[in-house]
>>> print(open('final19.pdb').read())   # PDB, C-alpha atoms and all ligand atoms
ATOM      1  CA  MET A 691     104.785  84.158  84.983
ATOM      2  CA  ILE A 692     101.703  83.340  86.994
ATOM      3  CA  ARG A 693     101.611  85.927  89.785
ATOM      4  CA  LEU A 694     103.538  87.760  92.441
ATOM      5  CA  GLU A 695     103.772  84.856  94.906
ATOM      6  CA  HIS A 696     105.404  86.580  97.852
ATOM      7  CA  ILE A 697     107.455  89.504  99.047
ATOM      8  CA  GLY A 698     110.546  88.642 101.081
ATOM      9  CA  ILE A 699     111.476  90.914 103.960
ATOM     10  CA  ALA A 700     114.866  90.724 105.696
ATOM     11  CA  VAL A 701     114.540  91.002 109.463
ATOM     12  CA  ALA A 702     117.023  91.058 112.311
ATOM     13  CA  ASP A 703     114.813  89.296 114.840
ATOM     14  CA  LEU A 704     112.205  86.893 113.500
ATOM     15  CA  GLU A 705     110.336  86.564 116.759
ATOM     16  CA  LYS A 706     109.894  90.316 117.070
ATOM     17  CA  SER A 707     108.914  90.666 113.418
ATOM     18  CA  ASN A 708     106.437  87.786 113.673
ATOM     19  CA  ALA A 709     104.712  89.618 116.495
ATOM     20  CA  LEU A 710     104.748  92.852 114.485
ATOM     21  CA  PHE A 711     103.271  91.294 111.339
ATOM     22  CA  GLU A 712     100.771  89.301 113.356
ATOM     23  CA  ASP A 713      99.602  92.581 114.797
ATOM     24  CA  LEU A 714      99.590  94.341 111.413
ATOM     25  CA  LEU A 715      97.876  91.613 109.417
ATOM     26  CA  GLY A 716      95.621  90.177 112.098
ATOM     27  CA  GLU A 717      96.899  86.657 111.365
ATOM     28  CA  SER A 718      99.585  84.342 112.658
ATOM     29  CA  PRO A 719     102.213  82.942 110.313
ATOM     30  CA  TYR A 720     100.906  79.732 108.719
ATOM     31  CA  LYS A 721     104.380  78.286 108.533
ATOM     32  CA  MET A 722     107.839  78.657 110.028
ATOM     33  CA  GLU A 723     110.716  76.877 108.420
ATOM     34  CA  VAL A 724     114.499  76.726 108.624
ATOM     35  CA  VAL A 725     116.196  76.443 105.227
ATOM     36  CA  GLU A 726     119.570  74.945 106.123
ATOM     37  CA  SER A 727     121.091  75.406 102.669
ATOM     38  CA  GLU A 728     120.380  79.141 102.759
ATOM     39  CA  HIS A 729     121.171  79.624 106.464
ATOM     40  CA  VAL A 730     117.839  81.304 107.078
ATOM     41  CA  LYS A 731     114.841  80.950 109.303
ATOM     42  CA  THR A 732     111.613  81.985 107.601
ATOM     43  CA  SER A 733     108.007  82.562 108.432
ATOM     44  CA  PHE A 734     105.100  82.990 106.031
ATOM     45  CA  PHE A 735     101.926  85.035 106.269
ATOM     46  CA  LYS A 736      99.042  84.757 103.837
ATOM     47  CA  VAL A 737      97.449  87.928 102.541
ATOM     48  CA  GLY A 738      94.740  86.991 100.070
ATOM     49  CA  GLU A 739      96.464  85.522  97.003
ATOM     50  CA  SER A 740      99.927  86.636  98.067
ATOM     51  CA  LYS A 741     102.286  85.973 100.934
ATOM     52  CA  ILE A 742     104.826  87.773 103.038
ATOM     53  CA  GLU A 743     108.023  85.878 103.824
ATOM     54  CA  LEU A 744     110.108  87.092 106.753
ATOM     55  CA  LEU A 745     113.755  85.997 106.674
ATOM     56  CA  GLU A 746     116.232  85.974 109.528
ATOM     57  CA  ALA A 747     119.850  84.820 109.149
ATOM     58  CA  THR A 748     120.856  81.764 111.182
ATOM     59  CA  ASP A 749     124.589  82.505 110.802
ATOM     60  CA  PRO A 750     126.915  85.204 109.426
ATOM     61  CA  SER A 751     127.458  83.398 106.099
ATOM     62  CA  SER A 752     123.798  83.825 105.205
ATOM     63  CA  ALA A 753     122.853  86.162 102.338
ATOM     64  CA  ILE A 754     120.427  87.796 104.766
ATOM     65  CA  ALA A 755     123.225  88.517 107.275
ATOM     66  CA  LYS A 756     125.291  90.083 104.489
ATOM     67  CA  TYR A 757     122.302  92.075 103.305
ATOM     68  CA  LEU A 758     121.695  93.446 106.801
ATOM     69  CA  GLU A 759     125.352  94.480 107.111
ATOM     70  CA  LYS A 760     124.804  96.888 104.222
ATOM     71  CA  ASN A 761     121.112  97.709 104.460
ATOM     72  CA  ARG A 762     118.407  98.276 106.981
ATOM     73  CA  GLU A 763     115.698  95.706 107.526
ATOM     74  CA  GLY A 764     113.222  95.875 104.681
ATOM     75  CA  ILE A 765     112.107  94.470 101.350
ATOM     76  CA  HIS A 766     114.686  91.942 100.204
ATOM     77  CA  HIS A 767     113.131  90.277  97.161
ATOM     78  CA  LEU A 768     110.016  89.820  95.045
ATOM     79  CA  ALA A 769     109.060  86.263  94.133
ATOM     80  CA  PHE A 770     107.134  85.324  91.015
ATOM     81  CA  GLU A 771     105.430  82.002  90.655
ATOM     82  CA  VAL A 772     106.162  80.238  87.389
ATOM     83  CA  GLU A 773     104.724  77.154  85.754
ATOM     84  CA  ASP A 774     108.022  75.657  84.589
ATOM     85  CA  ILE A 775     111.074  77.043  86.365
ATOM     86  CA  GLU A 776     113.656  75.401  84.084
ATOM     87  CA  ALA A 777     112.024  76.820  80.965
ATOM     88  CA  GLU A 778     111.758  80.261  82.563
ATOM     89  CA  MET A 779     115.417  80.164  83.662
ATOM     90  CA  GLN A 780     116.463  79.203  80.165
ATOM     91  CA  ARG A 781     114.356  81.951  78.618
ATOM     92  CA  LEU A 782     115.867  84.626  80.873
ATOM     93  CA  ALA A 783     119.455  83.342  80.623
ATOM     94  CA  GLN A 784     119.211  83.415  76.829
ATOM     95  CA  LYS A 785     118.201  87.057  77.012
ATOM     96  CA  GLY A 786     121.295  87.784  79.093
ATOM     97  CA  TYR A 787     119.739  88.096  82.564
ATOM     98  CA  ARG A 788     122.121  87.078  85.326
ATOM     99  CA  LEU A 789     120.802  84.106  87.286
ATOM    100  CA  LEU A 790     122.294  83.464  90.713
ATOM    101  CA  ASN A 791     121.988  79.710  90.473
ATOM    102  CA  GLU A 792     122.437  77.460  87.461
ATOM    103  CA  LYS A 793     119.925  74.869  88.581
ATOM    104  CA  PRO A 794     116.686  75.333  90.495
ATOM    105  CA  LYS A 795     117.254  74.739  94.187
ATOM    106  CA  ARG A 796     114.955  73.745  96.987
ATOM    107  CA  GLY A 797     113.704  76.805  98.825
ATOM    108  CA  ALA A 798     111.253  77.346 101.650
ATOM    109  CA  ASP A 799     107.529  76.548 101.484
ATOM    110  CA  ASN A 800     107.823  73.508  99.203
ATOM    111  CA  LYS A 801     109.250  75.397  96.228
ATOM    112  CA  LEU A 802     111.960  75.129  93.638
ATOM    113  CA  VAL A 803     113.599  78.520  93.374
ATOM    114  CA  CYS A 804     116.077  80.516  91.336
ATOM    115  CA  PHE A 805     117.250  84.073  91.991
ATOM    116  CA  ILE A 806     117.924  86.784  89.423
ATOM    117  CA  HIS A 807     120.692  89.268  90.224
ATOM    118  CA  PRO A 808     119.464  92.763  91.150
ATOM    119  CA  LYS A 809     121.856  94.203  88.545
ATOM    120  CA  SER A 810     119.657  92.539  85.923
ATOM    121  CA  ALA A 811     116.413  93.879  87.363
ATOM    122  CA  ASN A 812     116.612  97.571  88.183
ATOM    123  CA  GLY A 813     118.189  96.937  91.554
ATOM    124  CA  VAL A 814     115.583  94.450  92.754
ATOM    125  CA  LEU A 815     116.449  90.863  93.677
ATOM    126  CA  LEU A 816     113.886  88.620  91.971
ATOM    127  CA  GLU A 817     113.021  85.024  92.772
ATOM    128  CA  LEU A 818     111.343  82.575  90.455
ATOM    129  CA  CYS A 819     109.473  79.855  92.293
ATOM    130  CA  GLN A 820     107.627  76.754  91.271
ATOM    131  CA  GLU A 821     105.546  74.600  93.557
ATOM    132  CA  ILE A 822     107.057  71.143  94.022
ATOM    133  CA  ARG A 823     104.448  68.669  92.850
ATOM    134  CA  GLU A 824     105.003  65.120  93.999
TER     135      GLU A 824
HETATM  136 ZN    ZN B   1     111.343  84.129  98.815
END
>>> encode(input="final19.pdb", output="structure tokens", more="lines below")
Ligand code: ZN
Amino acid sequence: MIRLEHIGIAVADLEKSNALFEDLLGESPYKMEVVESEHVKTSFFKVGESKIELLEATDPSSAIAKYLEKNREGIHHLAFEVEDIEAEMQRLAQKGYRLLNEKPKRGADNKLVCFIHPKSANGVLLELCQEIRE
């Protein structure tokens, strides 16, 4: 894996949280994006080499809505950048890690992504992400 690419934070109100993180980090989000397939609205902040992704649910079927039913707002996932997501998925699946999707899917911020179940990772939801190069 290349690096910790971003930390995903589940929020109830993206607008409020954008203002909060803008204040904390001294920077505006460089991108806001709706990911229809995931039913989320996201915003991204750059902090040096890493990023913070804020995620708000756009409807009750969203994983973020379900997460916020059971948990408070807070750290939702850690995302690791990988060179070759298919190879990495295969490597982890062979070792018995539980992947949440069988094929890489298109995530926010121009990435292919795959999630690893928290039960396989000490209670932490992990994301693998690979930049889409076209
Ligand atoms: Zn993410």
>>> residues_around(input="final19.pdb", residues="Thr732 of chain A", least_positions_apart="4", cutoff="6 Å", atoms="all atoms listed in the file", output="PyMOL selection string")
chain A and resi 722-723+744-745
>>> residues_around(input="final19.pdb", residues="Leu694 of chain A", least_positions_apart="3", cutoff="12 Å", atoms="all atoms listed in the file", output="PDB file with C-alpha atoms, in the coordinates of the input")
ATOM      1  CA  MET A 691     104.785  84.158  84.983  1.00  0.00           C
ATOM      2  CA  ILE A 697     107.455  89.504  99.047  1.00  0.00           C
ATOM      3  CA  GLY A 698     110.546  88.642 101.081  1.00  0.00           C
ATOM      4  CA  VAL A 737      97.449  87.928 102.541  1.00  0.00           C
ATOM      5  CA  GLY A 738      94.740  86.991 100.070  1.00  0.00           C
ATOM      6  CA  GLU A 739      96.464  85.522  97.003  1.00  0.00           C
ATOM      7  CA  SER A 740      99.927  86.636  98.067  1.00  0.00           C
ATOM      8  CA  LYS A 741     102.286  85.973 100.934  1.00  0.00           C
ATOM      9  CA  ILE A 742     104.826  87.773 103.038  1.00  0.00           C
ATOM     10  CA  HIS A 767     113.131  90.277  97.161  1.00  0.00           C
ATOM     11  CA  LEU A 768     110.016  89.820  95.045  1.00  0.00           C
ATOM     12  CA  ALA A 769     109.060  86.263  94.133  1.00  0.00           C
ATOM     13  CA  PHE A 770     107.134  85.324  91.015  1.00  0.00           C
ATOM     14  CA  GLU A 771     105.430  82.002  90.655  1.00  0.00           C
ATOM     15  CA  VAL A 772     106.162  80.238  87.389  1.00  0.00           C
ATOM     16  CA  LEU A 816     113.886  88.620  91.971  1.00  0.00           C
ATOM     17  CA  GLU A 817     113.021  85.024  92.772  1.00  0.00           C
ATOM     18  CA  LEU A 818     111.343  82.575  90.455  1.00  0.00           C
ATOM     19  CA  CYS A 819     109.473  79.855  92.293  1.00  0.00           C
ATOM     20  CA  GLN A 820     107.627  76.754  91.271  1.00  0.00           C
TER      21      GLN A 820
END
>>> atom_distance(input="final19.pdb", atom1="atom CA of Ser751 of chain A", atom2="atom CA of Asn708 of chain A")
22.8 Å
>>> resolve_selection(input="final19.pdb", expression="the PyMOL selection byres (((chain A and resi 779) around 9) and not hetatm)", output="CSV table (one decimal) with C-alpha atoms, in the coordinates of the input")
chain,number,residue,atom,x,y,z
A,774,ASP,CA,108.0,75.7,84.6
A,775,ILE,CA,111.1,77.0,86.4
A,776,GLU,CA,113.7,75.4,84.1
A,777,ALA,CA,112.0,76.8,81.0
A,778,GLU,CA,111.8,80.3,82.6
A,780,GLN,CA,116.5,79.2,80.2
A,781,ARG,CA,114.4,82.0,78.6
A,782,LEU,CA,115.9,84.6,80.9
A,783,ALA,CA,119.5,83.3,80.6
A,784,GLN,CA,119.2,83.4,76.8
A,789,LEU,CA,120.8,84.1,87.3
A,792,GLU,CA,122.4,77.5,87.5
A,793,LYS,CA,119.9,74.9,88.6
A,794,PRO,CA,116.7,75.3,90.5
A,804,CYS,CA,116.1,80.5,91.3
A,818,LEU,CA,111.3,82.6,90.5
>>> resolve_selection(input="final19.pdb", expression="the PyMOL selection byres (((chain A and resi 707) around 12) and not hetatm)", output="PyMOL selection string")
chain A and resi 699-706+708-715+718-719+732-735+742-746+763-764
>>> atom_distance(input="final19.pdb", atom1="atom CA of Gly786 of chain A", atom2="atom CA of Ile822 of chain A")
26.5 Å
>>> closest_residue(input="final19.pdb", among="A:Glu824, A:Lys809, A:Leu815, A:Asp749", to="ligand ZN 1 (chain B)", atoms="all atoms listed in the file")
A:Leu815
>>> resolve_selection(input="final19.pdb", expression="the PyMOL selection byres (((chain A and resi 730) around 6) and not hetatm)", output="list in words")
Val724, Val725, Glu728, His729, Lys731, Glu746, Ala747 and Thr748 of chain A
>>> atom_distance(input="final19.pdb", atom1="atom CA of Arg796 of chain A", atom2="atom CA of Glu726 of chain A")
10.3 Å
>>> closest_residue(input="final19.pdb", among="A:Lys795, A:His696, A:Lys721, A:Arg762", to="ligand ZN 1 (chain B)", atoms="only C-alpha atoms and all ligand atoms")
A:His696
>>> closest_residue(input="final19.pdb", among="A:Pro750, A:Gly813, A:Gly716, A:Gly797", to="ligand ZN 1 (chain B)", atoms="only C-alpha atoms and all ligand atoms")
A:Gly797
>>> closest_residue(input="final19.pdb", among="A:Ala755, A:Ile765, A:Ala798, A:Ile692", to="ligand ZN 1 (chain B)", atoms="all atoms listed in the file")
A:Ala798
>>> axis_aligned_box(input="final19.pdb", around="segment 767-770 of chain A", padding_each_side="4 Å", output="lines of an AutoDock Vina configuration file")
center_x = 110.1
center_y = 87.8
center_z = 94.1
size_x = 14.0
size_y = 13.0
size_z = 14.1
>>> closest_residue(input="final19.pdb", among="A:Glu773, A:Arg823, A:Ser810, A:Asn800", to="ligand ZN 1 (chain B)", atoms="only C-alpha atoms and all ligand atoms")
A:Asn800
>>> closest_residue(input="final19.pdb", among="A:His766, A:Tyr720, A:Ala753, A:Tyr787", to="Val814 of chain A", atoms="all atoms listed in the file")
A:His766
>>> build_atoms(input="final19.pdb", residues="segment 768-779 of chain A", atoms="all heavy atoms", output="JSON list (two decimals), in the coordinates of the input")
[["chain", "number", "residue", "atom", "x", "y", "z"],
["A", 768, "LEU", "N", 111.37, 90.10, 95.53],
["A", 768, "LEU", "CA", 110.02, 89.82, 95.04],
["A", 768, "LEU", "C", 110.06, 88.45, 94.40],
["A", 768, "LEU", "O", 111.00, 88.14, 93.66],
["A", 768, "LEU", "CB", 109.60, 90.84, 93.97],
["A", 768, "LEU", "CG", 109.59, 92.31, 94.36],
["A", 768, "LEU", "CD1", 109.11, 93.14, 93.17],
["A", 768, "LEU", "CD2", 108.70, 92.56, 95.57],
["A", 769, "ALA", "N", 109.07, 87.62, 94.68],
["A", 769, "ALA", "CA", 109.06, 86.26, 94.13],
["A", 769, "ALA", "C", 107.87, 86.06, 93.21],
["A", 769, "ALA", "O", 106.73, 86.34, 93.58],
["A", 769, "ALA", "CB", 109.01, 85.23, 95.26],
["A", 770, "PHE", "N", 108.17, 85.59, 92.00],
["A", 770, "PHE", "CA", 107.13, 85.32, 91.02],
["A", 770, "PHE", "C", 106.96, 83.83, 90.84],
["A", 770, "PHE", "O", 107.94, 83.10, 90.67],
["A", 770, "PHE", "CB", 107.50, 85.97, 89.68],
["A", 770, "PHE", "CG", 107.49, 87.47, 89.75],
["A", 770, "PHE", "CD1", 108.65, 88.17, 90.00],
["A", 770, "PHE", "CD2", 106.29, 88.15, 89.63],
["A", 770, "PHE", "CE1", 108.63, 89.56, 90.11],
["A", 770, "PHE", "CE2", 106.25, 89.54, 89.74],
["A", 770, "PHE", "CZ", 107.42, 90.24, 89.98],
["A", 771, "GLU", "N", 105.72, 83.42, 90.89],
["A", 771, "GLU", "CA", 105.43, 82.00, 90.66],
["A", 771, "GLU", "C", 105.46, 81.73, 89.16],
["A", 771, "GLU", "O", 104.92, 82.51, 88.37],
["A", 771, "GLU", "CB", 104.05, 81.65, 91.21],
["A", 771, "GLU", "CG", 103.75, 80.16, 91.06],
["A", 771, "GLU", "CD", 102.41, 79.76, 91.65],
["A", 771, "GLU", "OE1", 101.58, 80.64, 91.93],
["A", 771, "GLU", "OE2", 102.19, 78.55, 91.81],
["A", 772, "VAL", "N", 106.11, 80.63, 88.79],
["A", 772, "VAL", "CA", 106.16, 80.24, 87.39],
["A", 772, "VAL", "C", 105.66, 78.80, 87.25],
["A", 772, "VAL", "O", 105.68, 78.03, 88.21],
["A", 772, "VAL", "CB", 107.60, 80.35, 86.80],
["A", 772, "VAL", "CG1", 108.08, 81.80, 86.85],
["A", 772, "VAL", "CG2", 108.58, 79.45, 87.53],
["A", 773, "GLU", "N", 105.25, 78.48, 86.04],
["A", 773, "GLU", "CA", 104.72, 77.15, 85.75],
["A", 773, "GLU", "C", 105.88, 76.15, 85.62],
["A", 773, "GLU", "O", 105.81, 75.05, 86.15],
["A", 773, "GLU", "CB", 103.93, 77.24, 84.44],
["A", 773, "GLU", "CG", 103.20, 75.99, 84.01],
["A", 773, "GLU", "CD", 102.11, 75.56, 84.99],
["A", 773, "GLU", "OE1", 101.44, 76.46, 85.53],
["A", 773, "GLU", "OE2", 101.96, 74.35, 85.21],
["A", 774, "ASP", "N", 106.91, 76.56, 84.90],
["A", 774, "ASP", "CA", 108.02, 75.66, 84.59],
["A", 774, "ASP", "C", 109.33, 76.42, 84.82],
["A", 774, "ASP", "O", 109.77, 77.19, 83.97],
["A", 774, "ASP", "CB", 107.89, 75.20, 83.12],
["A", 774, "ASP", "CG", 109.02, 74.27, 82.71],
["A", 774, "ASP", "OD1", 110.06, 74.20, 83.41],
["A", 774, "ASP", "OD2", 108.87, 73.61, 81.66],
["A", 775, "ILE", "N", 109.93, 76.20, 85.97],
["A", 775, "ILE", "CA", 111.07, 77.04, 86.36],
["A", 775, "ILE", "C", 112.28, 76.84, 85.43],
["A", 775, "ILE", "O", 112.97, 77.81, 85.11],
["A", 775, "ILE", "CB", 111.45, 76.82, 87.85],
["A", 775, "ILE", "CG1", 112.38, 77.94, 88.34],
["A", 775, "ILE", "CG2", 112.05, 75.44, 88.10],
["A", 775, "ILE", "CD1", 112.52, 78.04, 89.84],
["A", 776, "GLU", "N", 112.50, 75.63, 84.96],
["A", 776, "GLU", "CA", 113.66, 75.40, 84.08],
["A", 776, "GLU", "C", 113.49, 76.15, 82.78],
["A", 776, "GLU", "O", 114.44, 76.77, 82.27],
["A", 776, "GLU", "CB", 113.84, 73.89, 83.83],
["A", 776, "GLU", "CG", 113.96, 73.12, 85.13],
["A", 776, "GLU", "CD", 115.11, 72.12, 85.13],
["A", 776, "GLU", "OE1", 115.99, 72.22, 84.26],
["A", 776, "GLU", "OE2", 115.11, 71.24, 86.01],
["A", 777, "ALA", "N", 112.29, 76.12, 82.23],
["A", 777, "ALA", "CA", 112.02, 76.82, 80.96],
["A", 777, "ALA", "C", 112.17, 78.33, 81.15],
["A", 777, "ALA", "O", 112.74, 79.02, 80.31],
["A", 777, "ALA", "CB", 110.61, 76.49, 80.47],
["A", 778, "GLU", "N", 111.69, 78.82, 82.28],
["A", 778, "GLU", "CA", 111.76, 80.26, 82.56],
["A", 778, "GLU", "C", 113.21, 80.69, 82.76],
["A", 778, "GLU", "O", 113.64, 81.75, 82.28],
["A", 778, "GLU", "CB", 110.92, 80.54, 83.82],
["A", 778, "GLU", "CG", 110.38, 81.93, 83.93],
["A", 778, "GLU", "CD", 109.46, 82.33, 82.78],
["A", 778, "GLU", "OE1", 108.57, 81.54, 82.38],
["A", 778, "GLU", "OE2", 109.65, 83.44, 82.28],
["A", 779, "MET", "N", 114.00, 79.86, 83.45],
["A", 779, "MET", "CA", 115.42, 80.16, 83.66],
["A", 779, "MET", "C", 116.15, 80.21, 82.32],
["A", 779, "MET", "O", 116.97, 81.09, 82.08],
["A", 779, "MET", "CB", 116.06, 79.10, 84.57],
["A", 779, "MET", "CG", 115.66, 79.23, 86.04],
["A", 779, "MET", "SD", 116.18, 77.80, 87.02],
["A", 779, "MET", "CE", 117.96, 78.01, 87.02]]
